[in-house]
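File shown: my_file.txt. Contents: compact mmCIF, C-alpha atoms and all ligand atoms.
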# COMPACT_ATOMS: atom_id res chain seq x y z
CA MET A 38 37.60 6.22 -19.63
CA LYS A 39 38.93 2.77 -19.88
CA ARG A 40 40.54 0.27 -17.67
CA ASP A 41 43.18 -1.61 -19.57
CA ALA A 42 45.01 -4.44 -17.88
CA ARG A 43 47.57 -4.65 -20.70
CA VAL A 44 48.77 -1.10 -20.19
CA VAL A 45 51.56 -0.66 -17.67
CA ARG A 46 50.21 1.43 -14.79
CA PRO A 47 51.84 4.84 -14.23
CA GLU A 48 54.15 5.10 -11.24
CA CYS A 49 52.80 6.27 -7.88
CA LEU A 50 52.55 10.07 -7.91
CA VAL A 51 53.37 10.22 -4.20
CA CYS A 52 56.56 8.13 -4.06
CA SER A 53 57.26 6.90 -7.62
CA GLY A 54 56.63 3.35 -6.38
CA SER A 55 54.72 0.78 -8.39
CA LEU A 56 50.94 0.54 -8.43
CA GLY A 57 49.14 -2.77 -8.31
CA GLU A 58 45.51 -3.85 -8.20
CA HIS A 59 43.88 -2.97 -4.87
CA VAL A 60 42.94 -6.29 -3.32
CA LYS A 61 40.06 -4.98 -1.19
CA LEU A 62 38.80 -2.17 -3.45
CA PRO A 63 38.03 -3.43 -6.98
CA GLY A 64 38.65 -0.86 -9.71
CA LEU A 65 41.29 0.94 -7.68
CA ALA A 66 45.07 0.59 -7.64
CA ARG A 67 47.34 0.81 -4.60
CA CYS A 68 51.01 1.68 -4.26
CA ALA A 69 52.96 -1.21 -2.75
CA ASP A 70 55.45 1.23 -1.20
CA CYS A 71 53.44 4.09 0.34
CA GLY A 72 49.85 2.83 0.25
CA PHE A 73 48.53 5.62 -2.00
CA VAL A 74 45.21 4.67 -3.66
CA THR A 75 44.13 5.79 -7.13
CA ALA A 76 41.57 4.86 -9.79
CA ASP A 77 42.80 2.04 -12.00
CA MET A 78 41.96 3.74 -15.32
CA THR A 79 43.23 6.21 -17.87
CA VAL A 80 41.19 9.34 -18.55
CA SER A 81 41.90 11.94 -21.25
CA ASP A 82 41.65 15.72 -20.83
CA ASP A 83 38.74 15.76 -23.31
CA GLU A 84 36.84 13.19 -21.26
CA LEU A 85 37.35 15.28 -18.11
CA GLU A 86 36.18 18.45 -19.84
CA GLN A 87 33.01 16.64 -20.94
CA LEU A 88 32.49 15.31 -17.43
CA TYR A 89 32.60 18.83 -15.95
CA GLY A 90 30.17 20.46 -18.36
CA ALA A 91 27.03 22.26 -17.08
CA ASP A 92 25.46 18.86 -16.31
CA TYR A 93 28.01 18.17 -13.60
CA PHE A 94 26.73 20.99 -11.41
CA HIS A 95 23.05 20.44 -12.34
CA GLY A 96 21.95 16.87 -11.92
CA GLY A 97 25.41 15.29 -12.02
CA GLU A 98 27.30 15.46 -8.76
CA TYR A 99 25.01 18.23 -7.45
CA SER A 100 21.27 18.45 -8.01
CA ASN A 101 21.57 22.21 -8.48
CA TYR A 102 24.74 23.97 -7.38
CA ILE A 103 23.23 27.47 -7.39
CA LEU A 104 20.31 26.37 -5.19
CA GLU A 105 22.85 25.07 -2.66
CA ALA A 106 24.56 28.47 -2.45
CA PRO A 107 23.69 29.32 1.20
CA THR A 108 24.99 25.96 2.45
CA LEU A 109 28.06 26.01 0.22
CA ARG A 110 28.82 29.55 1.39
CA HIS A 111 28.55 28.43 5.01
CA ASN A 112 31.10 25.66 4.34
CA VAL A 113 33.60 27.98 2.65
CA GLU A 114 33.23 30.51 5.48
CA LEU A 115 34.50 27.86 7.89
CA ARG A 116 37.39 27.03 5.57
CA LEU A 117 38.34 30.67 5.29
CA ALA A 118 38.27 31.04 9.09
CA SER A 119 40.75 28.15 9.53
CA LEU A 120 42.93 29.47 6.72
CA ALA A 121 43.00 32.97 8.24
CA LYS A 122 44.62 31.54 11.38
CA CYS A 123 47.59 30.31 9.30
CA VAL A 124 48.12 33.40 7.13
CA GLU A 125 49.74 36.44 8.69
CA ASN A 126 48.56 39.81 7.45
CA ALA A 127 46.09 38.36 4.92
CA ARG A 128 44.96 41.83 3.86
CA ALA A 129 48.34 42.33 2.20
CA LYS A 130 48.39 38.88 0.57
CA SER A 131 47.13 37.42 -2.70
CA LEU A 132 45.16 34.19 -3.03
CA PHE A 133 44.62 31.83 -5.96
CA GLU A 134 41.95 29.14 -6.03
CA ILE A 135 42.23 26.13 -8.35
CA GLY A 136 38.78 24.67 -9.04
CA CYS A 137 36.81 27.77 -8.00
CA ALA A 138 33.49 26.46 -9.43
CA TYR A 139 30.80 29.15 -9.07
CA GLY A 140 33.06 31.49 -7.10
CA PHE A 141 31.46 31.34 -3.63
CA PHE A 142 34.82 31.05 -1.88
CA LEU A 143 36.45 33.77 -4.02
CA ASP A 144 33.54 36.06 -3.18
CA LEU A 145 34.41 35.75 0.52
CA ALA A 146 38.19 35.61 0.11
CA ARG A 147 38.38 38.87 -1.85
CA ARG A 148 37.15 40.66 1.28
CA ALA A 149 39.83 39.07 3.49
CA PHE A 150 42.77 39.20 1.05
CA ALA A 151 44.29 42.02 -1.03
CA ARG A 152 43.58 40.02 -4.19
CA ALA A 153 41.69 36.79 -4.89
CA GLU A 154 41.60 35.06 -8.27
CA GLY A 155 40.62 31.60 -9.43
CA ILE A 156 40.24 29.20 -12.31
CA ASP A 157 37.94 26.35 -13.18
CA ILE A 158 37.56 23.89 -16.02
CA SER A 159 33.77 24.49 -16.15
CA GLU A 160 32.74 27.26 -18.55
CA ASP A 161 29.25 27.43 -17.03
CA ALA A 162 30.58 27.85 -13.49
CA VAL A 163 33.16 30.49 -14.42
CA ARG A 164 30.52 32.50 -16.31
CA TYR A 165 28.34 32.62 -13.20
CA ALA A 166 31.31 33.53 -10.98
CA ARG A 167 32.32 36.44 -13.24
CA ASN A 168 28.94 37.75 -14.33
CA THR A 169 26.80 37.22 -11.23
CA LEU A 170 29.30 37.47 -8.37
CA GLY A 171 31.82 39.69 -10.18
CA VAL A 172 34.82 37.72 -8.94
CA ALA A 173 38.08 37.26 -10.86
CA ALA A 174 37.47 33.74 -12.21
CA THR A 175 38.66 32.42 -15.56
CA LYS A 176 38.41 29.17 -17.47
CA ALA A 177 42.00 28.05 -17.66
CA ASN A 178 44.34 25.14 -17.13
CA PHE A 179 46.66 25.75 -14.19
CA LEU A 180 49.42 23.71 -15.85
CA ASP A 181 49.56 26.16 -18.78
CA HIS A 182 52.47 28.60 -18.72
CA GLY A 183 51.70 31.92 -17.01
CA VAL A 184 48.47 30.77 -15.28
CA GLY A 185 48.18 31.54 -11.53
CA GLU A 186 51.82 32.32 -10.79
CA GLY A 187 53.35 34.27 -7.89
CA PHE A 188 50.48 34.17 -5.36
CA ASP A 189 50.94 33.95 -1.57
CA VAL A 190 48.15 31.45 -0.90
CA TYR A 191 46.84 28.58 -3.07
CA CYS A 192 43.56 26.79 -2.30
CA LEU A 193 42.08 23.58 -3.71
CA TRP A 194 38.75 22.78 -2.08
CA ASP A 195 37.63 19.22 -2.86
CA THR A 196 39.59 19.46 -6.09
CA ILE A 197 42.80 17.40 -5.86
CA GLU A 198 40.86 14.11 -6.07
CA HIS A 199 39.42 15.22 -9.43
CA LEU A 200 42.74 16.13 -11.11
CA ARG A 201 44.28 13.79 -13.62
CA GLU A 202 47.81 14.68 -12.51
CA PRO A 203 47.72 16.18 -9.01
CA GLY A 204 51.48 15.70 -8.59
CA ARG A 205 52.12 18.15 -11.42
CA TYR A 206 49.80 20.70 -9.79
CA ILE A 207 51.62 20.49 -6.45
CA GLU A 208 54.95 20.66 -8.27
CA LYS A 209 53.90 23.82 -10.14
CA ILE A 210 52.47 25.46 -7.00
CA ALA A 211 55.79 24.75 -5.24
CA SER A 212 57.69 26.44 -8.04
CA VAL A 213 55.49 29.56 -8.45
CA ILE A 214 54.30 30.24 -4.86
CA ALA A 215 55.65 33.33 -3.08
CA PRO A 216 58.37 32.59 -0.46
CA GLY A 217 56.80 31.23 2.75
CA GLY A 218 53.49 30.81 0.92
CA ILE A 219 50.57 28.67 2.09
CA LEU A 220 48.78 25.81 0.34
CA ALA A 221 45.37 24.83 1.73
CA LEU A 222 43.29 21.92 0.52
CA THR A 223 40.45 19.59 1.41
CA THR A 224 39.84 16.06 0.17
CA GLY A 225 38.50 12.74 1.41
CA ASP A 226 40.68 10.75 3.85
CA ILE A 227 40.79 7.11 2.79
CA GLY A 228 42.68 6.33 5.99
CA SER A 229 39.72 7.49 8.11
CA LEU A 230 37.70 5.04 10.17
CA ASN A 231 34.55 5.62 8.11
CA ALA A 232 36.37 4.99 4.79
CA ARG A 233 37.84 1.77 6.16
CA LEU A 234 34.49 0.59 7.50
CA ARG A 235 32.64 1.40 4.28
CA GLY A 236 35.26 -0.10 1.95
CA ARG A 237 34.25 0.10 -1.73
CA ARG A 238 30.92 1.62 -0.63
CA TRP A 239 32.56 4.72 0.87
CA ARG A 240 30.64 7.62 -0.68
CA MET A 241 33.84 9.35 -1.90
CA ILE A 242 34.79 6.45 -4.20
CA HIS A 243 33.28 7.27 -7.57
CA PRO A 244 35.75 7.33 -10.43
CA PRO A 245 36.13 8.95 -12.91
CA SER A 246 35.08 12.18 -11.15
CA HIS A 247 37.13 11.16 -8.09
CA LEU A 248 40.40 9.73 -9.38
CA HIS A 249 42.70 9.85 -6.34
CA TYR A 250 42.22 8.80 -2.73
CA PHE A 251 44.69 10.27 -0.25
CA SER A 252 45.20 9.54 3.42
CA SER A 253 46.78 12.16 5.69
CA GLN A 254 50.05 10.16 5.40
CA THR A 255 50.15 9.97 1.60
CA LEU A 256 49.07 13.60 1.18
CA THR A 257 51.71 14.77 3.69
CA ARG A 258 54.33 12.73 1.85
CA LEU A 259 53.36 14.25 -1.51
CA LEU A 260 53.52 17.78 -0.06
CA GLU A 261 56.88 17.14 1.64
CA ARG A 262 58.25 15.75 -1.59
CA HIS A 263 57.65 19.18 -3.12
CA GLY A 264 59.17 21.18 -0.27
CA PHE A 265 56.08 21.91 1.86
CA GLU A 266 55.75 21.49 5.61
CA VAL A 267 52.29 20.44 6.82
CA ILE A 268 51.19 22.80 9.60
CA MET A 269 47.55 21.74 10.10
CA VAL A 270 45.43 18.62 9.56
CA GLU A 271 41.78 18.82 10.61
CA HIS A 272 38.70 16.72 9.91
CA PRO A 273 35.97 19.38 9.80
CA GLY A 274 32.23 18.78 9.56
CA VAL A 275 30.44 19.71 6.36
CA ALA A 276 26.94 21.17 6.08
CA ARG A 277 24.67 19.69 3.42
CA THR A 278 21.10 20.35 2.42
CA LEU A 279 18.70 17.42 2.43
CA ARG A 280 18.58 17.85 -1.36
CA MET A 281 22.37 17.32 -1.60
CA ILE A 282 22.15 14.23 0.60
CA ILE A 283 19.31 12.74 -1.47
CA THR A 284 21.18 13.47 -4.72
CA GLY A 285 24.32 11.88 -3.29
CA VAL A 286 22.50 8.73 -2.24
CA LEU A 287 20.65 8.41 -5.57
CA LEU A 288 23.19 9.49 -8.15
CA LEU A 289 26.78 9.49 -6.91
CA GLY A 290 28.75 6.58 -8.27
CA LYS A 291 25.52 4.90 -9.40
CA PRO A 292 24.84 3.72 -12.94
CA LYS A 293 22.70 6.21 -14.89
CA SER A 294 19.02 5.32 -14.76
CA ARG A 295 15.84 7.18 -15.57
CA TRP A 296 14.07 6.42 -12.28
CA ARG A 297 17.05 7.64 -10.23
CA ALA A 298 17.21 10.85 -12.27
CA SER A 299 13.42 11.41 -11.92
CA LEU A 300 13.54 10.80 -8.19
CA ALA A 301 16.49 13.20 -7.82
CA SER A 302 14.66 15.82 -9.85
CA PHE A 303 11.58 15.33 -7.64
CA ALA A 304 13.74 15.72 -4.51
CA ASN A 305 15.15 18.88 -6.03
CA ARG A 306 11.70 20.48 -5.82
CA LEU A 307 10.77 19.39 -2.30
CA PRO A 308 10.06 22.29 0.06
CA PHE A 309 12.27 20.84 2.82
CA GLY A 310 15.14 20.25 0.38
CA ASP A 311 16.69 23.49 1.65
CA TRP A 312 17.02 22.24 5.20
CA SER A 313 20.64 22.05 6.08
CA VAL A 314 22.32 19.63 8.46
CA SER A 315 25.91 19.64 9.57
CA LEU A 316 27.50 16.21 9.60
CA ASN A 317 30.95 15.11 10.59
CA LEU A 318 31.99 11.60 9.65
CA PHE A 319 35.65 12.62 10.17
CA ASP A 320 36.50 11.36 6.69
CA ILE A 321 37.14 14.72 4.98
CA MET A 322 40.54 16.22 5.76
CA TYR A 323 41.58 19.85 5.66
CA VAL A 324 45.33 20.23 5.26
CA ILE A 325 47.37 23.44 5.37
CA ALA A 326 51.04 23.43 4.40
CA ARG A 327 53.73 26.09 4.22
CA LYS A 328 56.40 26.24 1.52
CA LEU A 329 59.81 25.93 3.08
CA PRO A 330 62.62 28.08 1.72
CA SER A 331 64.57 25.86 -0.68
CA GLU A 332 67.66 25.81 1.57
CA GLN A 333 65.50 24.54 4.50
CA SER A 334 63.80 21.91 2.42
CA SER A 335 66.03 19.09 3.52
CA ILE A 336 63.43 16.43 2.85
CA PRO A 337 64.80 14.17 0.12
CA ARG A 338 62.86 13.80 -3.10
CA TYR A 339 61.62 10.29 -3.76
CA PRO A 340 62.72 7.79 -4.76
CA MET A 341 65.54 7.96 -2.26
CA PRO A 342 68.94 8.12 -3.96
CA LEU A 343 70.79 4.83 -3.76
CA THR A 344 73.74 4.98 -1.41
CA SER A 345 76.93 3.36 -2.57
CA LYS A 346 78.37 0.66 -0.38
ZN ZN B 401 53.61 5.39 -3.46

Rewrite the structure of this file - the entire thing - as structure tokens.
Amino acid sequence: MKRDARVVRPECLVCSGSLGEHVKLPGLARCADCGFVTADMTVSDDELEQLYGADYFHGGEYSNYILEAPTLRHNVELRLASLAKCVENARAKSLFEIGCAYGFFLDLARRAFARAEGIDISEDAVRYARNTLGVAATKANFLDHGVGEGFDVYCLWDTIEHLREPGRYIEKIASVIAPGGILALTTGDIGSLNARLRGRRWRMIHPPSHLHYFSSQTLTRLLERHGFEVIMVEHPGVARTLRMIITGVLLLGKPKSRWRASLASFANRLPFGDWSVSLNLFDIMYVIARKLPSEQSSIPRYPMPLTSK
């Protein structure tokens, strides 16, 4: 994971504009044309795979993902309820989740949909999802040929910000989704009041695990570029256990240190760590979009074609 000023930055994945150093948020780059914000670094696939090993879900981003199951299940229940309002006749539809982690959402979704499958980069998480929950999860790369094609509904919960090339994911979903299909995703909203007030200290800014920072405008523009129409934008509350909050405060985006790790591990064992509180800082957005039939997708692809005088 290196930041290299000599390397020409890639073009903006939202509008193909040019990225420059973010004046107010050091370490991030901003598109001069559409305002999209991204981490100013290059990360390889191998580095990402290492980042999302078993450590990520146990002591990395989460103190212990399995321990958080009741709270995480509660959160995905709410997401499923909002999704159900936008999908007609779900019981006849198929759903594919990219970044399914330990399979808590798939476990619920398979009861509401005819078929629910998912993939994740984490071997440890997929093993738990398959062996303990018995859901159809596999370790796979969505961008590989033949992976996750032809489903009616695609979900990415808190995943798009982690992807190295989210534009390619949206592009592939647009090309393999069933006609009239639905794409549902959640991610931080850098245009939210809380993100703007917190600046570089906003809790969602921690590259390299979070690489991209969308606002509702830049996310909508990316989706429209690939022939989707946004039909819902919400800022739902998220339940967290006290343990998750303590881990977040101590470890997220912080330099590795022994005392932080020991304190987090201590917090992990506290009896009240299980207490769950629902918080809404209105800085997490939940977006649902529908794929327009290609003939209706009149939205031009960016960059706009030059008109001759
Ligand atoms: Zn842009």

field: Minimum-distance residue to Arg238 (chain A), chosen among A:Cys49, A:Leu62, A:Leu115, A:Val74 (using only C-alpha atoms)
entry: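 Smallest separation from Arg238 (chain A) among the options: A:Leu62.
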
Around (49.0, 31.2, -9.7), as given in the file, which residues come within 9 Å? Count all atoms listed in the file and list them as a PDB file with C-alpha atoms, in the coordinates of the input.
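For reference, selection36.pdb as written:
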ATOM      1  CA  LEU A 132      45.160  34.190  -3.030  1.00  0.00           C
ATOM      2  CA  PHE A 133      44.620  31.830  -5.960  1.00  0.00           C
ATOM      3  CA  GLU A 134      41.950  29.140  -6.030  1.00  0.00           C
ATOM      4  CA  ILE A 135      42.230  26.130  -8.350  1.00  0.00           C
ATOM      5  CA  GLU A 154      41.600  35.060  -8.270  1.00  0.00           C
ATOM      6  CA  GLY A 155      40.620  31.600  -9.430  1.00  0.00           C
ATOM      7  CA  PHE A 179      46.660  25.750 -14.190  1.00  0.00           C
ATOM      8  CA  GLY A 183      51.700  31.920 -17.010  1.00  0.00           C
ATOM      9  CA  VAL A 184      48.470  30.770 -15.280  1.00  0.00           C
ATOM     10  CA  GLY A 185      48.180  31.540 -11.530  1.00  0.00           C
ATOM     11  CA  GLU A 186      51.820  32.320 -10.790  1.00  0.00           C
ATOM     12  CA  GLY A 187      53.350  34.270  -7.890  1.00  0.00           C
ATOM     13  CA  PHE A 188      50.480  34.170  -5.360  1.00  0.00           C
ATOM     14  CA  ASP A 189      50.940  33.950  -1.570  1.00  0.00           C
ATOM     15  CA  VAL A 190      48.150  31.450  -0.900  1.00  0.00           C
ATOM     16  CA  TYR A 191      46.840  28.580  -3.070  1.00  0.00           C
ATOM     17  CA  LYS A 209      53.900  23.820 -10.140  1.00  0.00           C
ATOM     18  CA  ILE A 210      52.470  25.460  -7.000  1.00  0.00           C
ATOM     19  CA  VAL A 213      55.490  29.560  -8.450  1.00  0.00           C
ATOM     20  CA  ILE A 214      54.300  30.240  -4.860  1.00  0.00           C
TER      21      ILE A 214
END

message: Could you list, as a PyMOL selection string, all residues that come within 6 Å of ligand ZN 401 (chain B)? Count all atoms listed in the file.
response: chain A and resi 49+51-54+68+70-73

Next, write the just-selected residues to a file, as a tab-separated table (two decimals), keeping the file's coordinate frame, keeping C-alpha atoms as the atom set.
chain	number	residue	atom	x	y	z
A	49	CYS	CA	52.80	6.27	-7.88
A	51	VAL	CA	53.37	10.22	-4.20
A	52	CYS	CA	56.56	8.13	-4.06
A	53	SER	CA	57.26	6.90	-7.62
A	54	GLY	CA	56.63	3.35	-6.38
A	68	CYS	CA	51.01	1.68	-4.26
A	70	ASP	CA	55.45	1.23	-1.20
A	71	CYS	CA	53.44	4.09	0.34
A	72	GLY	CA	49.85	2.83	0.25
A	73	PHE	CA	48.53	5.62	-2.00

Nearest-residue call for Tyr165 (chain A), choices A:Trp194, A:Tyr102, A:Phe150, A:Phe309, using only C-alpha atoms: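 Result for the nearest residue to Tyr165 (chain A): A:Tyr102.
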
query: Do you have the CA of Leu307 (chain A)-CA of Arg295 (chain A) distance handy?
result: 18.7 Å

- request: Name the closest residue to Leu260 (chain A) among the candidates A:Val113, A:Val275, A:Ala153, A:Ala211; distances are taken between atoms, counting all atoms listed in the file.
  value: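 For Leu260 (chain A), the nearest of the given residues is A:Ala211.
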
query: What does the distance between CA of Ile325 (chain A) and CA of Asn126 (chain A) come to in Å, to one decimal place?
result: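 So the answer is 16.5 Å.
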
- prompt: So which one's closest to Ser252 (chain A), A:Gly236, A:Gly228, A:Gly218, A:Gly264? Using all atoms listed in the file, please.
  reply: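 Once distances to Ser252 (chain A) are computed over all atoms listed in the file, the minimum belongs to A:Gly228.
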
query: Skipping near chain neighbours, those fewer than 4 positions away, what residues fall within 12 Å of Glu114 (chain A) using all atoms listed in the file, listed as a VMD selection string?
result: chain A and resid 106 to 110 118 to 121 141 to 146 148 to 149 275 to 276

Could you please take those selected residues and save C-alpha atoms as a PDB file, in the coordinates of the input?
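Saved result, result-v1.pdb, follows:
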ATOM      1  CA  ALA A 106      24.560  28.470  -2.450  1.00  0.00           C
ATOM      2  CA  PRO A 107      23.690  29.320   1.200  1.00  0.00           C
ATOM      3  CA  THR A 108      24.990  25.960   2.450  1.00  0.00           C
ATOM      4  CA  LEU A 109      28.060  26.010   0.220  1.00  0.00           C
ATOM      5  CA  ARG A 110      28.820  29.550   1.390  1.00  0.00           C
ATOM      6  CA  ALA A 118      38.270  31.040   9.090  1.00  0.00           C
ATOM      7  CA  SER A 119      40.750  28.150   9.530  1.00  0.00           C
ATOM      8  CA  LEU A 120      42.930  29.470   6.720  1.00  0.00           C
ATOM      9  CA  ALA A 121      43.000  32.970   8.240  1.00  0.00           C
ATOM     10  CA  PHE A 141      31.460  31.340  -3.630  1.00  0.00           C
ATOM     11  CA  PHE A 142      34.820  31.050  -1.880  1.00  0.00           C
ATOM     12  CA  LEU A 143      36.450  33.770  -4.020  1.00  0.00           C
ATOM     13  CA  ASP A 144      33.540  36.060  -3.180  1.00  0.00           C
ATOM     14  CA  LEU A 145      34.410  35.750   0.520  1.00  0.00           C
ATOM     15  CA  ALA A 146      38.190  35.610   0.110  1.00  0.00           C
ATOM     16  CA  ARG A 148      37.150  40.660   1.280  1.00  0.00           C
ATOM     17  CA  ALA A 149      39.830  39.070   3.490  1.00  0.00           C
ATOM     18  CA  VAL A 275      30.440  19.710   6.360  1.00  0.00           C
ATOM     19  CA  ALA A 276      26.940  21.170   6.080  1.00  0.00           C
TER      20      ALA A 276
END

task: Would you list the contacts of Pro273 (chain A) as a list of chain:residue names, taking every protein, DNA or RNA residue within 9 Å and counting all atoms listed in the file, but skipping same-chain residues closer than 3 positions in sequence?
output: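 Near Pro273 (chain A), the qualifying residues are A:Leu115, A:Arg116, A:Asn317, A:Leu318, A:Phe319, A:Asp320, A:Ile321, A:Met322, A:Tyr323.
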
- prompt: Hey, can you check how far CA of Leu248 (chain A) sits from CA of Thr224 (chain A)?
  reply: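 Spanning CA of Leu248 (chain A) to CA of Thr224 (chain A) is a straight-line distance of 11.5 Å.
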
Non-local contacts of Thr175 (chain A) (7 Å; all atoms listed in the file; under 6 positions in same chain excluded) as a list in words: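 The filter keeps Gly155, Ile156, Asp157 and Val163 of chain A.
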
Around region 100-119 of chain A, with edges along x, y and z and 4 Å added on all six sides, what centre and edge lengths do you get, in Å to one decimal, as JSON?
{"center_x": 30.5, "center_y": 24.7, "center_z": 0.5, "size_x": 28.4, "size_y": 20.6, "size_z": 26.0}

message: Ranking A:Gln254, A:Thr196, A:Ser313, A:Ser246 by minimum distance to Leu222 (chain A) and counting only C-alpha atoms, which one comes first?
response: A:Thr196

field: For Asp311 (chain A): contacts at 7 Å, only C-alpha atoms, fewer than 3 positions along chain excluded, given as number ranges by chain
entry: A: 278-280, 308

message: So, with all atoms listed in the file as the atoms that count, which of A:Cys137, A:Ala326, A:Gly274, A:His249 lies closest to Ala173 (chain A)?
response: A:Cys137

query: Around (51.9, 4.6, -12.9) in the file's own coordinates, what residues are found within 7 Å if you use all atoms listed in the file, given back as a ChimeraX atom specification?
result: /A:46-49,55-56
